[in-house]
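**Q** Handing over work-v7.cif, mmCIF, C-alpha atoms and all ligand atoms.
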```
data_my_file
#
loop_
_atom_site.label_atom_id
_atom_site.label_comp_id
_atom_site.auth_asym_id
_atom_site.auth_seq_id
_atom_site.Cartn_x
_atom_site.Cartn_y
_atom_site.Cartn_z
CA MET A 1 -30.71 -37.02 15.51
CA LEU A 2 -31.53 -39.96 17.73
CA ALA A 3 -30.08 -43.38 16.97
CA GLU A 4 -32.60 -46.10 16.24
CA PRO A 5 -33.12 -48.54 19.16
CA SER A 6 -32.15 -52.10 18.30
CA ARG A 7 -32.77 -55.61 19.58
CA HIS A 8 -30.25 -58.48 19.37
CA VAL A 9 -30.59 -62.19 20.10
CA VAL A 10 -27.64 -64.17 21.47
CA ASP A 11 -27.32 -67.84 20.52
CA PRO A 12 -25.53 -69.35 23.52
CA ALA A 13 -24.42 -72.40 21.52
CA SER A 14 -22.65 -70.56 18.70
CA GLY A 15 -22.15 -67.09 20.14
CA ALA A 16 -23.99 -65.70 17.12
CA LEU A 17 -25.43 -62.23 17.74
CA SER A 18 -28.29 -61.20 15.51
CA ALA A 19 -27.90 -57.92 13.62
CA ALA A 20 -24.21 -57.67 14.58
CA THR A 21 -22.37 -54.95 12.68
CA GLY A 22 -18.86 -56.37 12.98
CA SER A 23 -16.88 -59.48 13.73
CA TYR A 24 -13.35 -60.82 13.92
CA GLU A 25 -11.68 -64.18 14.38
CA LYS A 26 -8.45 -65.21 16.01
CA ARG A 27 -6.65 -68.25 14.64
CA LEU A 28 -4.18 -70.24 16.68
CA ARG A 29 -1.21 -68.88 14.73
CA ASP A 30 -2.30 -65.30 15.61
CA LEU A 31 -1.48 -66.04 19.26
CA ALA A 32 2.30 -66.48 18.99
CA GLY A 33 3.99 -65.44 22.22
CA VAL A 34 0.86 -65.76 24.31
CA TYR A 35 1.46 -69.24 25.77
CA GLY A 36 4.18 -70.31 28.17
CA ASP A 37 5.31 -73.40 26.26
CA ALA A 38 6.58 -72.06 22.92
CA ALA A 39 7.54 -75.52 21.62
CA ALA A 40 4.07 -76.90 22.34
CA PHE A 41 2.56 -73.84 20.66
CA ASP A 42 4.72 -74.32 17.56
CA ALA A 43 3.78 -78.01 17.41
CA ALA A 44 0.07 -77.16 17.66
CA CYS A 45 0.46 -74.51 14.95
CA ALA A 46 2.21 -76.97 12.65
CA THR A 47 -0.86 -79.21 12.64
CA SER A 48 -3.70 -76.71 13.16
CA GLY A 49 -2.42 -73.14 12.99
CA ASP A 50 -5.38 -72.07 10.85
CA ARG A 51 -7.87 -73.25 13.40
CA VAL A 52 -10.18 -70.49 14.71
CA VAL A 53 -9.79 -70.47 18.50
CA TYR A 54 -12.04 -67.52 19.32
CA LYS A 55 -14.31 -65.11 17.55
CA VAL A 56 -16.14 -61.94 18.42
CA GLU A 57 -19.35 -60.46 17.01
CA ASP A 58 -20.24 -56.94 18.04
CA VAL A 59 -22.42 -53.92 17.54
CA ARG A 60 -20.74 -50.50 17.43
CA PRO A 61 -23.46 -47.88 17.11
CA ALA A 62 -21.00 -44.95 17.33
CA ALA A 63 -17.40 -44.47 18.43
CA ARG A 64 -18.11 -41.32 20.39
CA HIS A 65 -17.87 -40.81 24.12
CA GLY A 66 -21.04 -41.84 25.90
CA ASP A 67 -22.02 -44.65 23.54
CA LEU A 68 -21.49 -48.40 24.02
CA ILE A 69 -19.99 -51.35 22.16
CA PHE A 70 -21.56 -54.72 22.96
CA GLY A 71 -21.30 -58.22 21.58
CA THR A 72 -20.38 -61.84 22.12
CA THR A 73 -17.19 -63.87 22.42
CA PHE A 74 -17.05 -67.56 21.45
CA MET A 75 -13.96 -69.45 22.67
CA GLU A 76 -13.08 -73.01 21.71
CA PRO A 77 -11.94 -75.34 24.52
CA GLY A 78 -8.37 -76.57 24.46
CA LYS A 79 -4.89 -76.32 25.90
CA ILE A 80 -1.33 -75.61 24.80
CA ALA A 81 0.64 -78.16 26.87
CA ASP A 82 -1.21 -77.83 30.20
CA GLU A 83 -2.23 -74.18 29.74
CA PHE A 84 -5.87 -73.51 28.92
CA PHE A 85 -6.87 -71.54 25.82
CA VAL A 86 -6.89 -67.80 26.47
CA THR A 87 -7.72 -64.61 24.64
CA ARG A 88 -4.82 -62.33 23.86
CA GLY A 89 -5.96 -59.92 26.56
CA HIS A 90 -5.63 -56.15 26.85
CA VAL A 91 -6.12 -53.05 28.92
CA HIS A 92 -8.35 -50.33 27.57
CA ALA A 93 -6.41 -47.63 25.75
CA LEU A 94 -8.44 -45.13 27.75
CA GLY A 95 -7.63 -46.93 30.98
CA ASN A 96 -10.53 -45.69 33.06
CA ARG A 97 -13.09 -47.44 30.89
CA PRO A 98 -14.70 -50.54 32.48
CA GLU A 99 -16.36 -53.61 30.94
CA THR A 100 -18.90 -56.27 31.87
CA TYR A 101 -18.91 -59.92 30.80
CA TYR A 102 -21.92 -62.23 31.13
CA GLY A 103 -21.73 -66.00 30.87
CA GLU A 104 -23.91 -67.55 28.13
CA ALA A 105 -22.47 -71.10 27.91
CA GLY A 106 -19.50 -73.04 29.19
CA GLU A 107 -17.13 -72.48 32.02
CA GLY A 108 -14.40 -69.86 32.14
CA LEU A 109 -12.30 -67.44 34.09
CA MET A 110 -11.70 -63.72 33.84
CA LEU A 111 -8.04 -63.20 34.66
CA MET A 112 -7.38 -59.61 35.70
CA GLU A 113 -4.15 -57.84 36.62
CA SER A 114 -3.66 -54.33 37.93
CA PRO A 115 -0.85 -52.15 36.55
CA GLU A 116 1.03 -52.93 39.81
CA GLY A 117 0.68 -56.69 39.17
CA GLU A 118 -2.09 -57.61 41.58
CA VAL A 119 -4.09 -60.56 40.24
CA ARG A 120 -7.80 -61.35 40.48
CA ILE A 121 -9.44 -64.43 38.96
CA LEU A 122 -13.24 -64.66 38.78
CA LYS A 123 -15.23 -67.65 37.50
CA ILE A 124 -17.71 -67.17 34.69
CA ALA A 125 -20.57 -69.55 33.97
CA PRO A 126 -24.06 -69.12 32.50
CA ARG A 127 -25.92 -66.27 34.23
CA VAL A 128 -22.78 -65.01 35.98
CA LEU A 129 -21.96 -61.35 35.41
CA VAL A 130 -18.36 -60.17 35.92
CA TYR A 131 -17.40 -56.52 36.25
CA VAL A 132 -13.92 -55.52 35.07
CA PRO A 133 -13.27 -52.14 36.70
CA PRO A 134 -11.22 -49.36 35.10
CA PHE A 135 -7.46 -49.96 34.67
CA TRP A 136 -7.53 -53.77 35.04
CA ILE A 137 -5.78 -55.74 32.30
CA HIS A 138 -8.15 -58.58 31.37
CA ARG A 139 -8.01 -61.92 29.57
CA SER A 140 -10.67 -64.66 29.24
CA ILE A 141 -9.80 -68.32 29.74
CA ASN A 142 -11.85 -71.37 28.76
CA ILE A 143 -11.35 -73.94 31.54
CA GLY A 144 -14.13 -76.23 30.33
CA ALA A 145 -14.46 -79.05 27.81
CA SER A 146 -17.00 -77.14 25.70
CA PRO A 147 -17.07 -73.67 24.11
CA LEU A 148 -17.11 -70.67 26.43
CA VAL A 149 -19.60 -68.07 25.22
CA MET A 150 -19.93 -64.67 26.88
CA SER A 151 -21.59 -61.40 26.06
CA PHE A 152 -19.81 -58.15 26.87
CA CYS A 153 -20.35 -54.41 26.98
CA TYR A 154 -17.91 -51.49 27.25
CA PRO A 155 -17.80 -47.76 26.50
CA ALA A 156 -17.43 -47.04 22.78
CA ASP A 157 -14.31 -44.90 23.21
CA SER A 158 -12.37 -47.47 25.32
CA GLY A 159 -9.94 -48.76 22.69
CA GLN A 160 -7.62 -51.70 23.36
CA ASP A 161 -3.91 -51.81 24.21
CA TYR A 162 -2.71 -55.36 23.51
CA ASP A 163 1.00 -54.61 23.98
CA VAL A 164 0.66 -54.04 27.70
CA ILE A 165 0.80 -57.82 28.23
CA SER A 166 3.60 -58.70 25.81
CA LYS A 167 5.78 -55.86 27.15
CA ALA A 168 5.60 -57.47 30.62
CA GLY A 169 6.47 -60.96 29.36
CA GLY A 170 2.85 -62.05 29.74
CA MET A 171 0.46 -61.78 32.65
CA ALA A 172 1.68 -62.46 36.19
CA VAL A 173 0.06 -65.90 36.32
CA ARG A 174 -0.87 -68.64 33.90
CA VAL A 175 -3.87 -70.97 34.34
CA VAL A 176 -3.12 -74.66 33.89
CA ALA A 177 -5.02 -77.92 34.18
CA ASP A 178 -4.96 -79.51 37.62
CA GLY A 179 -6.69 -82.89 37.58
CA ASP A 180 -10.26 -82.15 36.51
CA GLY A 181 -9.89 -78.52 37.51
CA TRP A 182 -7.46 -75.64 37.21
CA ARG A 183 -4.89 -73.73 39.16
CA ASP A 184 -2.93 -70.56 38.59
CA VAL A 185 0.85 -70.71 38.59
CA PRO A 186 3.38 -67.85 38.54
CA ASN A 187 4.58 -66.93 35.06
CA PRO A 188 8.39 -67.20 35.17
CA ASP A 189 8.72 -64.84 32.19
CA TYR A 190 6.78 -62.04 33.89
CA ARG A 191 8.58 -58.70 34.31
CA PRO A 192 6.67 -56.44 36.73
CA ARG A 193 6.12 -52.89 35.49
CA GLY A 194 8.33 -50.18 36.87
CA PRO A 195 6.99 -47.00 38.51
CA ASP A 196 7.15 -45.03 35.25
CA GLU A 197 5.21 -47.67 33.29
CA ILE A 198 2.60 -47.87 36.05
CA ALA A 199 2.20 -44.08 36.17
CA ALA A 200 1.90 -43.95 32.37
CA LEU A 201 -0.99 -46.44 32.41
CA TYR A 202 -2.86 -44.32 34.97
CA THR A 203 -2.44 -41.14 32.91
CA ARG A 204 -4.47 -42.62 30.06
CA GLN A 205 -7.89 -41.44 31.18
CA ASP A 206 -10.25 -38.52 30.86
FE FE B 1 -11.84 -55.07 27.22
#
```
Could you write out this file's structure as structure tokens?
**A**
Amino acid sequence: MLAEPSRHVVDPASGALSAATGSYEKRLRDLAGVYGDAAAFDAACATSGDRVVYKVEDVRPAARHGDLIFGTTFMEPGKIADEFFVTRGHVHALGNRPETYYGEAGEGLMLMESPEGEVRILKIAPRVLVYVPPFWIHRSINIGASPLVMSFCYPADSGQDYDVISKAGGMAVRVVADGDGWRDVPNPDYRPRGPDEIAALYTRQD
């Protein structure tokens, strides 16, 4: 039986997606271990750990191969010490599944890292479309003073592996404020993956 076609309106100000079928929120305290300055993170959590820092609304018509998941991400602006607010980040559990992100409002970056540790950083702004190819670990960063809102789309059977980043001590670089702008700096806690870990990531495909 055919699925019913559907139509969804994105509100670029709030990230609201009409007729969404699911949603989740991340509060600041959910992001322990993500930021470089643990003391600054703890201090921020002590005063505003319950604060919602990003939220996702999505539509998941079916989980089967060949279908899509699509939705919106709304990210608050802010920093922990000098490091801009980020999403937790992940690689797709089925690694050869790609994703697109489209800027709706605000100013952001898509930070991507290959299993081998190569880094790519692409700017997102309204009407900018970013393609995250298969196997790239990806994390969104709000480098602006206002909310970053993006819409996204990925194959329904992608899944997410969030541990890939924590197991490596974070991503290879962090993005920090630099005057009115930003710059990426090496993450001193980063432990590059060994050959076996890299090979294991590439076996997760079909
Ligand atoms: Fe993803």
**Q** For Pro61 in chain A, which of A:Met150, A:Arg174, A:Ala3, A:Asp163 is the closest residue, counting only C-alpha atoms?
**A**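 Result for the nearest residue to Pro61 in chain A: A:Ala3.
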**Q** For ligand FE 1 (chain B), which residue among A:Asp178, A:Asp206, A:Asp157, A:Asp184 is the nearest when counting all atoms listed in the file?
**A** A:Asp157
**Q** Can you tell me which residues sit at most 7 Å away from ligand FE 1 (chain B), counting only C-alpha atoms and all ligand atoms, written as a list of chain:residue names?
**A**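 These are the residues that qualify: A:His90, A:Val91, A:His92, A:Glu99, A:His138, A:Gln160.
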**Q** Convert the current residue selection to file output with C-alpha atoms, as a short mmCIF file (atom, residue, chain, number, x, y, z; two decimals), in the coordinates of the input.
**A**
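Final output, saved to part00.cif:
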```cif
data_model
loop_
_atom_site.label_atom_id
_atom_site.label_comp_id
_atom_site.auth_asym_id
_atom_site.auth_seq_id
_atom_site.Cartn_x
_atom_site.Cartn_y
_atom_site.Cartn_z
CA HIS A 90 -5.63 -56.15 26.85
CA VAL A 91 -6.12 -53.05 28.92
CA HIS A 92 -8.35 -50.33 27.57
CA GLU A 99 -16.36 -53.61 30.94
CA HIS A 138 -8.15 -58.58 31.37
CA GLN A 160 -7.62 -51.70 23.36
#
```
**Q** Give me the residues within 6 Å of Arg204 in chain A as a ChimeraX atom specification, counting all atoms listed in the file and dropping any in the same chain fewer than 3 places off.
**A** /A:94-95,201
**Q** For those residues, write C-alpha atoms to a file as an mmCIF file, in the coordinates of the input.
**A**
```cif
data_model
loop_
_atom_site.group_PDB
_atom_site.id
_atom_site.type_symbol
_atom_site.label_atom_id
_atom_site.label_comp_id
_atom_site.auth_asym_id
_atom_site.auth_seq_id
_atom_site.Cartn_x
_atom_site.Cartn_y
_atom_site.Cartn_z
ATOM 1 C CA LEU A 94 -8.440 -45.130 27.750
ATOM 2 C CA GLY A 95 -7.630 -46.930 30.980
ATOM 3 C CA LEU A 201 -0.990 -46.440 32.410
#
```
**Q** Just checking: using only C-alpha atoms, which residue out of A:Ala105, A:Leu148, A:Ala39, A:Val9 ends up closest to Gly78 in chain A?
**A** A:Leu148
**Q** Within 6 Å of Thr73 in chain A, counting all atoms listed in the file, which residues show up once you throw out same-chain ones fewer than 6 positions away? Write them as a ChimeraX atom specification, please.
**A** /A:55-56,149-150
**Q** Got a sec to write range 139-159 of chain A of the block to a file, N, CA and C atoms, as a short mmCIF file (atom, residue, chain, number, x, y, z; two decimals), in the first residue's frame?
**A**
```
data_model
loop_
_atom_site.label_atom_id
_atom_site.label_comp_id
_atom_site.auth_asym_id
_atom_site.auth_seq_id
_atom_site.Cartn_x
_atom_site.Cartn_y
_atom_site.Cartn_z
N ARG A 139 28.78 17.31 13.10
CA ARG A 139 28.33 18.07 14.27
C ARG A 139 27.99 19.48 13.76
N SER A 140 26.88 20.05 14.25
CA SER A 140 26.50 21.42 13.88
C SER A 140 26.96 22.39 14.96
N ILE A 141 27.33 23.58 14.55
CA ILE A 141 27.83 24.59 15.48
C ILE A 141 27.14 25.92 15.18
N ASN A 142 26.61 26.55 16.21
CA ASN A 142 26.01 27.88 16.03
C ASN A 142 27.08 28.93 16.32
N ILE A 143 27.54 29.62 15.27
CA ILE A 143 28.58 30.65 15.45
C ILE A 143 27.98 32.05 15.46
N GLY A 144 26.65 32.15 15.46
CA GLY A 144 26.00 33.44 15.40
C GLY A 144 25.49 33.90 16.76
N ALA A 145 24.85 35.07 16.76
CA ALA A 145 24.28 35.63 17.98
C ALA A 145 22.79 35.32 18.09
N SER A 146 22.24 34.62 17.11
CA SER A 146 20.81 34.30 17.08
C SER A 146 20.67 32.79 16.85
N PRO A 147 19.45 32.25 17.00
CA PRO A 147 19.29 30.81 16.79
C PRO A 147 19.72 30.38 15.38
N LEU A 148 20.30 29.20 15.32
CA LEU A 148 20.60 28.55 14.04
C LEU A 148 19.50 27.52 13.78
N VAL A 149 18.81 27.69 12.67
CA VAL A 149 17.74 26.75 12.30
C VAL A 149 18.10 26.13 10.96
N MET A 150 18.05 24.81 10.91
CA MET A 150 18.35 24.08 9.67
C MET A 150 17.30 23.02 9.46
N SER A 151 17.07 22.67 8.21
CA SER A 151 16.28 21.47 7.92
C SER A 151 17.24 20.40 7.40
N PHE A 152 16.87 19.15 7.60
CA PHE A 152 17.77 18.05 7.24
C PHE A 152 16.98 16.91 6.64
N CYS A 153 17.71 16.01 6.00
CA CYS A 153 17.09 14.82 5.40
C CYS A 153 18.14 13.72 5.30
N TYR A 154 17.77 12.50 5.72
CA TYR A 154 18.71 11.37 5.63
C TYR A 154 17.92 10.07 5.47
N PRO A 155 18.59 9.03 4.98
CA PRO A 155 17.88 7.76 4.78
C PRO A 155 17.35 7.20 6.10
N ALA A 156 16.16 6.61 6.04
CA ALA A 156 15.45 6.21 7.26
C ALA A 156 16.17 5.12 8.05
N ASP A 157 17.04 4.36 7.38
CA ASP A 157 17.73 3.27 8.10
C ASP A 157 19.15 3.66 8.51
N SER A 158 19.46 4.97 8.56
CA SER A 158 20.83 5.41 8.88
C SER A 158 21.24 5.05 10.30
N GLY A 159 20.43 5.38 11.27
CA GLY A 159 20.81 5.23 12.68
C GLY A 159 21.91 6.21 13.04
#
```
